[in-house]
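Below is start-v6.pdb, which holds PDB, C-alpha atoms.
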```
MODEL        1
ATOM      1  CA  MET A   1     183.788 138.160  66.853
ATOM      2  CA  GLY A   2     187.368 138.925  65.906
ATOM      3  CA  GLU A   3     188.405 139.254  69.548
ATOM      4  CA  PHE A   4     186.747 135.942  70.351
ATOM      5  CA  LEU A   5     188.579 134.194  67.497
ATOM      6  CA  LEU A   6     191.856 135.805  68.582
ATOM      7  CA  LEU A   7     191.322 134.535  72.124
ATOM      8  CA  GLN A   8     190.477 131.056  70.859
ATOM      9  CA  GLY A   9     193.488 131.025  68.571
ATOM     10  CA  ALA A  10     195.832 132.108  71.357
ATOM     11  CA  LEU A  11     194.472 129.490  73.757
ATOM     12  CA  SER A  12     194.680 126.799  71.112
ATOM     13  CA  PHE A  13     198.224 127.781  70.134
ATOM     14  CA  ALA A  14     199.425 127.686  73.733
ATOM     15  CA  ALA A  15     197.646 124.391  74.401
ATOM     16  CA  PHE A  16     199.093 122.745  71.272
ATOM     17  CA  PHE A  17     202.550 123.980  72.250
ATOM     18  CA  PHE A  18     202.348 122.510  75.746
ATOM     19  CA  ALA A  19     200.640 119.321  74.582
ATOM     20  CA  GLY A  20     203.335 118.711  72.003
ATOM     21  CA  ARG A  21     206.053 119.530  74.501
ATOM     22  CA  PHE A  22     204.851 117.202  77.247
ATOM     23  CA  SER A  23     202.993 114.498  75.317
ATOM     24  CA  GLY A  24     205.914 112.073  75.273
ATOM     25  CA  ARG A  25     206.317 112.125  79.026
ATOM     26  CA  PHE A  26     202.778 112.643  80.322
ATOM     27  CA  ARG A  27     200.732 111.168  77.495
ATOM     28  CA  TRP A  28     198.092 109.412  79.572
ATOM     29  CA  ARG A  29     197.612 112.365  81.925
ATOM     30  CA  LEU A  30     197.190 114.770  79.035
ATOM     31  CA  LEU A  31     194.718 112.471  77.301
ATOM     32  CA  VAL A  32     192.573 112.158  80.436
ATOM     33  CA  ALA A  33     192.816 115.881  81.222
ATOM     34  CA  GLY A  34     191.761 116.779  77.685
ATOM     35  CA  ALA A  35     188.824 114.356  77.761
ATOM     36  CA  VAL A  36     187.631 115.619  81.136
ATOM     37  CA  GLY A  37     188.006 119.234  79.969
ATOM     38  CA  MET A  38     185.946 118.516  76.862
ATOM     39  CA  ALA A  39     183.291 116.787  78.974
ATOM     40  CA  CYS A  40     183.161 119.799  81.305
ATOM     41  CA  ALA A  41     182.780 122.071  78.294
ATOM     42  CA  ALA A  42     179.934 119.881  77.031
ATOM     43  CA  CYS A  43     178.154 120.314  80.360
ATOM     44  CA  LEU A  44     177.735 123.990  79.475
ATOM     45  CA  PHE A  45     175.110 122.938  76.925
ATOM     46  CA  LEU A  46     172.894 121.778  79.779
ATOM     47  CA  LEU A  47     172.661 125.406  80.894
ATOM     48  CA  PRO A  48     170.440 127.903  79.091
ATOM     49  CA  ILE A  49     172.151 128.952  75.863
ATOM     50  CA  ARG A  50     173.443 132.490  76.303
ATOM     51  CA  PRO A  51     176.296 134.332  74.593
ATOM     52  CA  TRP A  52     178.596 133.875  77.597
ATOM     53  CA  THR A  53     178.040 130.087  77.625
ATOM     54  CA  ILE A  54     179.024 129.898  73.960
ATOM     55  CA  ILE A  55     182.121 132.042  74.591
ATOM     56  CA  LEU A  56     183.069 129.953  77.611
ATOM     57  CA  TYR A  57     182.512 126.745  75.630
ATOM     58  CA  GLY A  58     184.760 128.020  72.834
ATOM     59  CA  CYS A  59     187.513 128.983  75.261
ATOM     60  CA  VAL A  60     187.425 125.732  77.236
ATOM     61  CA  THR A  61     187.305 123.672  74.055
ATOM     62  CA  SER A  62     190.202 125.477  72.409
ATOM     63  CA  ALA A  63     192.259 125.147  75.599
ATOM     64  CA  THR A  64     191.575 121.432  76.227
ATOM     65  CA  LEU A  65     191.111 119.845  72.795
ATOM     66  CA  PRO A  66     194.861 119.842  72.009
ATOM     67  CA  PHE A  67     195.536 117.979  75.260
ATOM     68  CA  PHE A  68     193.222 115.268  73.966
ATOM     69  CA  LEU A  69     194.190 115.190  70.287
ATOM     70  CA  VAL A  70     197.990 115.207  70.509
ATOM     71  CA  PRO A  71     198.322 112.206  72.870
ATOM     72  CA  LEU A  72     195.552 110.353  71.031
ATOM     73  CA  GLN A  73     197.425 110.630  67.742
ATOM     74  CA  GLY A  74     200.540 109.325  69.475
ATOM     75  CA  TYR A  75     198.620 106.326  70.779
ATOM     76  CA  VAL A  76     197.070 105.653  67.373
ATOM     77  CA  TYR A  77     200.375 105.624  65.540
ATOM     78  CA  ASP A  78     202.142 103.621  68.271
ATOM     79  CA  VAL A  79     199.429 100.950  68.121
ATOM     80  CA  MET A  80     199.614 100.882  64.321
ATOM     81  CA  ASP A  81     203.387 100.497  64.570
ATOM     82  CA  GLU A  82     203.032  97.716  67.135
ATOM     83  CA  ILE A  83     200.430  95.625  65.306
ATOM     84  CA  ALA A  84     201.466  96.320  61.718
ATOM     85  CA  GLY A  85     202.511  93.159  59.967
ATOM     86  CA  HIS A  86     204.376  92.666  56.749
ATOM     87  CA  GLU A  87     201.221  91.515  54.966
ATOM     88  CA  VAL A  88     199.132  94.514  56.079
ATOM     89  CA  PRO A  89     200.695  97.936  55.422
ATOM     90  CA  SER A  90     200.233 100.815  57.850
ATOM     91  CA  THR A  91     198.215 102.723  55.274
ATOM     92  CA  THR A  92     195.470 100.109  55.645
ATOM     93  CA  HIS A  93     195.186 100.949  59.337
ATOM     94  CA  ILE A  94     194.988 104.659  58.522
ATOM     95  CA  VAL A  95     192.241 104.079  55.947
ATOM     96  CA  VAL A  96     190.192 101.980  58.398
ATOM     97  CA  ARG A  97     190.612 104.664  61.060
ATOM     98  CA  GLU A  98     189.364 107.283  58.591
ATOM     99  CA  TRP A  99     186.323 105.142  57.794
ATOM    100  CA  PHE A 100     185.260 105.121  61.427
ATOM    101  CA  GLU A 101     185.984 108.823  61.925
ATOM    102  CA  ASN A 102     183.938 109.729  58.870
ATOM    103  CA  ALA A 103     181.118 107.367  59.875
ATOM    104  CA  GLY A 104     180.917 109.234  63.178
ATOM    105  CA  ARG A 105     180.846 112.569  61.400
ATOM    106  CA  ILE A 106     178.098 111.393  59.071
ATOM    107  CA  ALA A 107     176.037 110.017  61.967
ATOM    108  CA  GLY A 108     176.405 113.297  63.877
ATOM    109  CA  THR A 109     175.392 115.308  60.828
ATOM    110  CA  ILE A 110     172.336 113.124  60.217
ATOM    111  CA  LEU A 111     171.275 113.514  63.860
ATOM    112  CA  PHE A 112     171.753 117.276  63.576
ATOM    113  CA  ILE A 113     169.617 117.454  60.431
ATOM    114  CA  LEU A 114     166.891 115.306  61.986
ATOM    115  CA  ILE A 115     166.740 117.505  65.065
ATOM    116  CA  CYS A 116     166.815 120.749  63.035
ATOM    117  CA  ARG A 117     163.943 119.631  60.812
ATOM    118  CA  HIS A 118     161.587 120.494  63.641
ATOM    119  CA  GLN A 119     161.606 124.259  64.070
ATOM    120  CA  SER A 120     160.361 124.474  67.632
ATOM    121  CA  PRO A 121     161.705 125.334  71.085
ATOM    122  CA  GLN A 122     162.116 121.593  71.754
ATOM    123  CA  ALA A 123     164.502 121.399  68.781
ATOM    124  CA  VAL A 124     166.874 123.835  70.467
ATOM    125  CA  ARG A 125     166.805 121.672  73.580
ATOM    126  CA  GLY A 126     167.415 118.623  71.396
ATOM    127  CA  LEU A 127     170.488 120.306  69.920
ATOM    128  CA  SER A 128     171.717 121.017  73.433
ATOM    129  CA  PHE A 129     171.402 117.360  74.368
ATOM    130  CA  LEU A 130     173.045 116.285  71.105
ATOM    131  CA  SER A 131     175.961 118.646  71.764
ATOM    132  CA  PHE A 132     176.234 117.385  75.334
ATOM    133  CA  GLY A 133     176.231 113.754  74.185
ATOM    134  CA  LEU A 134     178.824 114.388  71.485
ATOM    135  CA  GLY A 135     180.971 116.178  74.056
ATOM    136  CA  LEU A 136     181.127 113.006  76.136
ATOM    137  CA  VAL A 137     182.521 110.923  73.269
ATOM    138  CA  GLN A 138     186.058 111.748  74.406
ATOM    139  CA  LEU A 139     185.473 109.916  77.688
ATOM    140  CA  ALA A 140     184.441 106.823  75.745
ATOM    141  CA  THR A 141     187.579 107.219  73.652
ATOM    142  CA  VAL A 142     189.716 107.268  76.808
ATOM    143  CA  ALA A 143     188.070 104.013  77.945
ATOM    144  CA  LEU A 144     188.775 102.431  74.546
ATOM    145  CA  VAL A 145     192.390 103.616  74.541
ATOM    146  CA  TRP A 146     192.769 102.138  78.024
ATOM    147  CA  GLN A 147     191.560  98.751  76.780
ATOM    148  CA  VAL A 148     193.675  98.820  73.616
ATOM    149  CA  GLU A 149     196.767  99.754  75.546
ATOM    150  CA  ARG A 150     196.221  96.948  78.035
ATOM    151  CA  ARG A 151     195.860  94.413  75.233
ATOM    152  CA  VAL A 152     198.471  95.655  72.774
ATOM    153  CA  PHE A 153     201.209  96.928  75.056
ATOM    154  CA  ARG A 154     200.377  94.800  78.137
ATOM    155  CA  ARG A 155     200.695  97.849  80.348
ATOM    156  CA  ARG A 156     198.499  99.551  82.898
ATOM    157  CA  THR A 157     197.057  96.376  84.291
ATOM    158  CA  GLY A 158     196.958  97.824  87.786
ATOM    159  CA  THR A 159     194.860 100.568  89.257
ATOM    160  CA  PHE A 160     193.946 103.846  87.672
ATOM    161  CA  ALA A 161     196.363 105.738  89.946
ATOM    162  CA  ALA A 162     199.188 103.337  89.115
ATOM    163  CA  SER A 163     198.744 104.147  85.440
ATOM    164  CA  PHE A 164     199.789 107.731  86.097
ATOM    165  CA  ARG A 165     203.022 106.544  87.728
ATOM    166  CA  GLU A 166     203.712 104.238  84.780
ATOM    167  CA  ASP A 167     203.024 107.081  82.372
ATOM    168  CA  GLU A 168     205.934 109.073  83.752
ATOM    169  CA  GLN A 169     208.300 106.134  83.245
ATOM    170  CA  SER A 170     207.222 105.146  79.728
ATOM    171  CA  GLU A 171     208.046 106.870  76.483
ATOM    172  CA  SER A 172     206.380 106.499  73.144
ATOM    173  CA  ALA A 173     207.812 104.294  70.437
ATOM    174  CA  ALA A 174     208.246 107.390  68.296
ATOM    175  CA  LYS A 175     210.485 109.008  70.918
ATOM    176  CA  ARG A 176     212.545 105.820  71.191
ATOM    177  CA  ARG A 177     212.988 105.747  67.416
ATOM    178  CA  VAL A 178     214.190 109.338  67.420
ATOM    179  CA  ARG A 179     216.725 108.616  70.190
ATOM    180  CA  PRO A 180     217.604 104.937  69.795
ATOM    181  CA  THR A 181     220.734 105.175  71.969
ATOM    182  CA  SER A 182     219.020 106.361  75.134
TER     183      SER A 182
ENDMDL
END
```

Structure translated into structure tokens:
Amino acid sequence: MGEFLLLQGALSFAAFFFAGRFSGRFRWRLLVAGAVGMACAACLFLLPIRPWTIILYGCVTSATLPFFLVPLQGYVYDVMDEIAGHEVPSTTHIVVREWFENAGRIAGTILFILICRHQSPQAVRGLSFLSFGLGLVQLATVALVWQVERRVFRRRTGTFAASFREDEQSESAAKRRVRPTS
């Protein structure tokens, strides 16, 4: 167990390092790569649950989750900065975001409890499908970020491939604030 946690920690550390390093320049690519990696990891729950599938899931998740989380946080704070008005402080946007995150956590926990109430072989299969479904949430998040970015920033109105080219040319508002002269 200790070796597994050490491996997960090392993968997560390296992934957070690279995600933080390249998030300003390749934000959209990293977000999509992280979401696809998490979806691939979720597909492992469709296989029979064995120790190696759990280990592989943990490794893939720890290696790809930072590539999803770091760019997503950048998008969230850039959108809050863009739409924040003088009458609505940024903390209001953060509180509303927390409401929805916690509502999702509560809904997932309630589903987990409902499935676990039935102690049968079908319950284990139900947990596998629940884990698979929750693993696909990141793909829905990418679709929502795509729509928000099109509406708020008026970017990426072209094709999916064109968005990757635009991603290389754009920088986040946070990076521009740090280096206002460039």

Query - Phe16 of chain A surroundings by all atoms listed in the file, 8 Å radius, close-in-sequence under 4 positions cut, as an MDAnalysis selection string - result: chainID A and resid 12 20 66:67 70

Query - All residues 12 Å or closer to Phe18 of chain A, all atoms listed in the file, same chain fewer than 4 positions away omitted, as a PyMOL selection string - result: chain A and resi 11-14+22-27+30+63-68+70-71

I need the residues from that last selection saved to file as an mmCIF file, in the coordinates of the input (with C-alpha atoms), if you can.
```cif
data_model
loop_
_atom_site.group_PDB
_atom_site.id
_atom_site.type_symbol
_atom_site.label_atom_id
_atom_site.label_comp_id
_atom_site.auth_asym_id
_atom_site.auth_seq_id
_atom_site.Cartn_x
_atom_site.Cartn_y
_atom_site.Cartn_z
ATOM 1 C CA LEU A 11 194.472 129.490 73.757
ATOM 2 C CA SER A 12 194.680 126.799 71.112
ATOM 3 C CA PHE A 13 198.224 127.781 70.134
ATOM 4 C CA ALA A 14 199.425 127.686 73.733
ATOM 5 C CA PHE A 22 204.851 117.202 77.247
ATOM 6 C CA SER A 23 202.993 114.498 75.317
ATOM 7 C CA GLY A 24 205.914 112.073 75.273
ATOM 8 C CA ARG A 25 206.317 112.125 79.026
ATOM 9 C CA PHE A 26 202.778 112.643 80.322
ATOM 10 C CA ARG A 27 200.732 111.168 77.495
ATOM 11 C CA LEU A 30 197.190 114.770 79.035
ATOM 12 C CA ALA A 63 192.259 125.147 75.599
ATOM 13 C CA THR A 64 191.575 121.432 76.227
ATOM 14 C CA LEU A 65 191.111 119.845 72.795
ATOM 15 C CA PRO A 66 194.861 119.842 72.009
ATOM 16 C CA PHE A 67 195.536 117.979 75.260
ATOM 17 C CA PHE A 68 193.222 115.268 73.966
ATOM 18 C CA VAL A 70 197.990 115.207 70.509
ATOM 19 C CA PRO A 71 198.322 112.206 72.870
#
```

Query raised in the report: If we count only C-alpha atoms, what is near Val60 of chain A at a cut-off of 9 Å, once residues fewer than 5 positions away on the same chain are taken out, given as a ChimeraX atom specification?
Result: /A:8,11,37-38,40-41,55,65

Requested in this report: Using only C-alpha atoms, find the one residue out of A:Gly58, A:Met80, A:Arg29, A:Pro89 that sits nearest to Leu44 of chain A.
Outcome: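 Looking at the shortest contact to Leu44 of chain A, the residue is A:Gly58.
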
Spatial neighbours of Gly126 of chain A, max dist 12 Å, all atoms listed in the file, sep filter under 6 positions, as a PDB file with C-alpha atoms, in the frame of the given file:
```pdb
ATOM      1  CA  PHE A  45     175.110 122.938  76.925  1.00  0.00           C
ATOM      2  CA  LEU A  46     172.894 121.778  79.779  1.00  0.00           C
ATOM      3  CA  LEU A 111     171.275 113.514  63.860  1.00  0.00           C
ATOM      4  CA  PHE A 112     171.753 117.276  63.576  1.00  0.00           C
ATOM      5  CA  ILE A 113     169.617 117.454  60.431  1.00  0.00           C
ATOM      6  CA  LEU A 114     166.891 115.306  61.986  1.00  0.00           C
ATOM      7  CA  ILE A 115     166.740 117.505  65.065  1.00  0.00           C
ATOM      8  CA  CYS A 116     166.815 120.749  63.035  1.00  0.00           C
ATOM      9  CA  ARG A 117     163.943 119.631  60.812  1.00  0.00           C
ATOM     10  CA  HIS A 118     161.587 120.494  63.641  1.00  0.00           C
ATOM     11  CA  GLN A 119     161.606 124.259  64.070  1.00  0.00           C
ATOM     12  CA  SER A 120     160.361 124.474  67.632  1.00  0.00           C
ATOM     13  CA  PHE A 132     176.234 117.385  75.334  1.00  0.00           C
ATOM     14  CA  GLY A 133     176.231 113.754  74.185  1.00  0.00           C
TER      15      GLY A 133
END
```

Query raised in the report: Applied to the shown file, which residues does the PyMOL selection byres ((chain A and resi 93) around 12) return, written as a PyMOL selection string?
Result: chain A and resi 76-85+88-92+94-100

Excluding same-chain residues fewer than 6 positions from Ser128 of chain A, what lies within 10 Å of it counting all atoms listed in the file, as a compact mmCIF listing (two decimals) with C-alpha atoms, in the frame of the given file?
```txt
# COMPACT_ATOMS: atom_id res chain seq x y z
CA ALA A 42 179.93 119.88 77.03
CA CYS A 43 178.15 120.31 80.36
CA LEU A 44 177.74 123.99 79.47
CA PHE A 45 175.11 122.94 76.92
CA LEU A 46 172.89 121.78 79.78
CA LEU A 47 172.66 125.41 80.89
CA PRO A 48 170.44 127.90 79.09
CA ILE A 49 172.15 128.95 75.86
CA GLN A 122 162.12 121.59 71.75
CA LEU A 134 178.82 114.39 71.48
```

Query - Å distance separating atom CA of Ala15 of chain A from atom CA of Phe153 of chain A, one decimal place - result: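 So the two atoms, atom CA of Ala15 of chain A and atom CA of Phe153 of chain A, lie 27.7 Å apart.
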